[in-house]
Amino acid sequence: LMQILAVLLISAVPLIFTLALTNGSLFAGLLVVGVVALPRILWQPGGNEGFAFQFALGLYWNLVNAACFGSVFLLGAACYFAPRTVLPLMAVYVLWMQVTHFELKDGRAWASFAMREWGFQAFRHFIHLQVVLPEAILQKPADEPLFFAVHPHGVASDFRLLMDGMLHKAMPSREILVLAASVLFKLPLVRELCLWSRCIDASRPVA
């Protein structure tokens, strides 16, 4: 079920754009969802790390980045091509953002997504990502504050996103919050990925 929700999440923005552009073509919509689901079909955890695995990784990461950082442009174009349908959806989404403001509170962590999302698992496996914590840190009381810095940041701080699910297992009893730039919570899909991986607004009143 979680994998189905993840496919729907990643395909949501390009799907809205495609349906608006093609006047609601069912074939075009199914094609978008199929392309987003393809990496999960090509490789499963524990499978062979051949060409199919590398192709699946490349397709997944490029789709996610395009959907995330192009979301404003794709949805803007969708509003232009199908205003009667898309504009009300965008109005509801913006209203939801303004009412909830999870980024100004304790976020909206989704541990299962952070730990089990296909792309996160695949990339952790591909780059042999590990979280190594000194015993002195693990022995500290869960209510004693700790501060971590993630370096290098990179274009999208991808390693931080991959690492969040691993920290759920490494430090299960500790509440972990990540400071993220305020603008990230204004971008559809980027906002959701940030909230689900325990990010909150880095502005001074919150942080």
# chains A, B, ... in the order shown; residues from 1 in each chain; ligands from 1
$ select_by_dssp --residues "range 62-194 of chain A" --states "alpha helix (DSSP H)" --output "PyMOL selection string"
chain A and resi 62-69+71-81+83-100+111-116+118-127+135-138+158-170+190-194
$ residues_around --residues "Phe123 in chain A" --least-positions-apart "2" --cutoff "10 Å" --atoms "only C-alpha atoms" --output "list in words"
Gln54, Leu57, Trp61, Trp118, Gly119, Phe120, Gln121, His125, Phe126, Ile127, His128, Leu129, Asp158, Phe159 and Leu162 of chain A
$ write_last_selection --atoms "N, CA and C atoms" --output "PDB file, in the first residue's frame"
ATOM      1  N   GLN A  54      20.515  -0.017 -12.615  1.00  0.00           N
ATOM      2  CA  GLN A  54      21.061   1.320 -12.832  1.00  0.00           C
ATOM      3  C   GLN A  54      20.097   2.195 -13.631  1.00  0.00           C
ATOM      4  N   LEU A  57      17.338   3.301 -11.254  1.00  0.00           N
ATOM      5  CA  LEU A  57      17.794   4.371 -10.370  1.00  0.00           C
ATOM      6  C   LEU A  57      17.811   5.716 -11.093  1.00  0.00           C
ATOM      7  N   TRP A  61      15.309   8.864 -10.039  1.00  0.00           N
ATOM      8  CA  TRP A  61      15.833  10.107  -9.467  1.00  0.00           C
ATOM      9  C   TRP A  61      15.566  11.300 -10.374  1.00  0.00           C
ATOM     10  N   TRP A 118      10.786   2.913  -2.094  1.00  0.00           N
ATOM     11  CA  TRP A 118      11.631   2.135  -3.007  1.00  0.00           C
ATOM     12  C   TRP A 118      12.907   2.888  -3.375  1.00  0.00           C
ATOM     13  N   GLY A 119      12.769   4.133  -3.813  1.00  0.00           N
ATOM     14  CA  GLY A 119      13.936   4.885  -4.269  1.00  0.00           C
ATOM     15  C   GLY A 119      14.957   5.110  -3.173  1.00  0.00           C
ATOM     16  N   PHE A 120      14.487   5.365  -1.966  1.00  0.00           N
ATOM     17  CA  PHE A 120      15.409   5.573  -0.849  1.00  0.00           C
ATOM     18  C   PHE A 120      16.182   4.299  -0.548  1.00  0.00           C
ATOM     19  N   GLN A 121      15.473   3.169  -0.516  1.00  0.00           N
ATOM     20  CA  GLN A 121      16.137   1.889  -0.266  1.00  0.00           C
ATOM     21  C   GLN A 121      17.152   1.577  -1.366  1.00  0.00           C
ATOM     22  N   HIS A 125      21.307   1.345  -0.941  1.00  0.00           N
ATOM     23  CA  HIS A 125      22.000   0.121  -1.332  1.00  0.00           C
ATOM     24  C   HIS A 125      23.083   0.418  -2.367  1.00  0.00           C
ATOM     25  N   PHE A 126      22.778   1.280  -3.328  1.00  0.00           N
ATOM     26  CA  PHE A 126      23.696   1.575  -4.429  1.00  0.00           C
ATOM     27  C   PHE A 126      24.967   2.265  -3.947  1.00  0.00           C
ATOM     28  N   ILE A 127      24.826   3.215  -3.018  1.00  0.00           N
ATOM     29  CA  ILE A 127      25.996   3.965  -2.551  1.00  0.00           C
ATOM     30  C   ILE A 127      26.542   3.427  -1.228  1.00  0.00           C
ATOM     31  N   HIS A 128      25.964   2.297  -0.769  1.00  0.00           N
ATOM     32  CA  HIS A 128      26.404   1.667   0.490  1.00  0.00           C
ATOM     33  C   HIS A 128      26.358   2.662   1.650  1.00  0.00           C
ATOM     34  N   LEU A 129      25.261   3.384   1.736  1.00  0.00           N
ATOM     35  CA  LEU A 129      25.110   4.414   2.765  1.00  0.00           C
ATOM     36  C   LEU A 129      24.989   3.779   4.147  1.00  0.00           C
ATOM     37  N   ASP A 158      20.250  15.463  -0.937  1.00  0.00           N
ATOM     38  CA  ASP A 158      19.714  14.119  -1.135  1.00  0.00           C
ATOM     39  C   ASP A 158      20.134  13.153  -0.037  1.00  0.00           C
ATOM     40  N   PHE A 159      21.376  13.264   0.415  1.00  0.00           N
ATOM     41  CA  PHE A 159      21.864  12.322   1.424  1.00  0.00           C
ATOM     42  C   PHE A 159      21.069  12.458   2.723  1.00  0.00           C
ATOM     43  N   LEU A 162      17.890  10.501   2.291  1.00  0.00           N
ATOM     44  CA  LEU A 162      18.136   9.055   2.358  1.00  0.00           C
ATOM     45  C   LEU A 162      18.441   8.617   3.786  1.00  0.00           C
TER      46      LEU A 162
END
$ residues_around --residues "Val64 in chain A" --least-positions-apart "4" --cutoff "7 Å" --atoms "only C-alpha atoms" --output "JSON, numbers by chain"
{"A": [10, 60, 68]}
$ write_last_selection --atoms "N, CA, C and O atoms" --output "PDB file, in the first residue's frame"
ATOM      1  N   ILE A  10       4.446  10.720  -6.418  1.00  0.00           N
ATOM      2  CA  ILE A  10       5.455  11.172  -7.371  1.00  0.00           C
ATOM      3  C   ILE A  10       4.822  11.524  -8.717  1.00  0.00           C
ATOM      4  O   ILE A  10       5.262  12.454  -9.402  1.00  0.00           O
ATOM      5  N   TYR A  60      14.216   6.900 -11.842  1.00  0.00           N
ATOM      6  CA  TYR A  60      13.532   7.321 -10.613  1.00  0.00           C
ATOM      7  C   TYR A  60      14.009   8.695 -10.157  1.00  0.00           C
ATOM      8  O   TYR A  60      13.197   9.595  -9.920  1.00  0.00           O
ATOM      9  N   CYS A  68       9.626  17.469  -8.553  1.00  0.00           N
ATOM     10  CA  CYS A  68       9.770  18.345  -7.391  1.00  0.00           C
ATOM     11  C   CYS A  68      10.088  19.775  -7.790  1.00  0.00           C
ATOM     12  O   CYS A  68       9.339  20.711  -7.473  1.00  0.00           O
TER      13      CYS A  68
END
$ closest_residue --among "A:Pro205, A:Leu75, A:Phe185, A:His168" --to "Trp110 in chain A" --atoms "only C-alpha atoms"
A:His168
$ closest_residue --among "A:Val7, A:Met166, A:Leu26, A:Ala78" --to "Met90 in chain A" --atoms "only C-alpha atoms"
A:Ala78
$ select_by_dssp --residues "chain A" --states "strand (DSSP E or B)" --output "list in words"
Val178, Leu179, Ala180, Cys199, Ile200 and Asp201 of chain A
$ write_last_selection --atoms "C-alpha atoms" --output "PDB file, in the first residue's frame"
ATOM      1  CA  VAL A 178      15.568  18.899  10.615  1.00  0.00           C
ATOM      2  CA  LEU A 179      15.788  22.602   9.817  1.00  0.00           C
ATOM      3  CA  ALA A 180      14.924  23.351   6.183  1.00  0.00           C
ATOM      4  CA  CYS A 199      11.768  18.855   8.396  1.00  0.00           C
ATOM      5  CA  ILE A 200      10.508  22.057   9.983  1.00  0.00           C
ATOM      6  CA  ASP A 201      10.915  25.698   8.997  1.00  0.00           C
TER       7      ASP A 201
END
$ atom_distance --atom1 "CA of Gln130 in chain A" --atom2 "CA of Pro172 in chain A"
16.0 Å
$ closest_residue --among "A:Val33, A:His101, A:Thr22, A:Val183" --to "Leu8 in chain A" --atoms "only C-alpha atoms"
A:Val33
$ residues_around --residues "Pro141 in chain A" --least-positions-apart "2" --cutoff "12 Å" --atoms "only C-alpha atoms" --output "PyMOL selection string"
chain A and resi 136-139+143-146+171+173-175
$ write_last_selection --atoms "N, CA and C atoms" --output "compact mmCIF listing (two decimals), in the first residue's frame"
# COMPACT_ATOMS: atom_id res chain seq x y z
N ALA A 136 29.02 7.07 22.61
CA ALA A 136 28.74 8.14 23.58
C ALA A 136 27.45 8.88 23.24
N ILE A 137 27.16 9.02 21.95
CA ILE A 137 25.92 9.69 21.54
C ILE A 137 24.73 8.80 21.79
N LEU A 138 24.86 7.53 21.49
CA LEU A 138 23.75 6.59 21.68
C LEU A 138 23.38 6.44 23.15
N GLN A 139 24.33 6.65 24.03
CA GLN A 139 24.08 6.48 25.46
C GLN A 139 23.47 7.72 26.12
N ASP A 143 16.08 12.82 26.07
CA ASP A 143 15.59 14.19 26.24
C ASP A 143 16.73 15.21 26.27
N GLU A 144 17.96 14.77 26.08
CA GLU A 144 19.10 15.69 26.03
C GLU A 144 19.32 16.12 24.59
N PRO A 145 19.24 17.43 24.28
CA PRO A 145 19.35 17.89 22.90
C PRO A 145 20.70 17.55 22.27
N LEU A 146 20.65 17.18 21.00
CA LEU A 146 21.85 16.95 20.20
C LEU A 146 21.70 17.72 18.89
N MET A 171 18.21 5.65 16.01
CA MET A 171 17.86 6.40 17.22
C MET A 171 16.34 6.40 17.39
N SER A 173 14.26 6.10 19.87
CA SER A 173 13.61 6.74 21.01
C SER A 173 13.79 8.25 21.04
N ARG A 174 14.50 8.80 20.06
CA ARG A 174 14.80 10.23 20.08
C ARG A 174 13.97 10.96 19.02
N GLU A 175 13.40 12.10 19.41
CA GLU A 175 12.70 12.95 18.47
C GLU A 175 13.71 13.75 17.66
$ atom_distance --atom1 "CA of Arg116 in chain A" --atom2 "CA of Phe17 in chain A"
27.6 Å
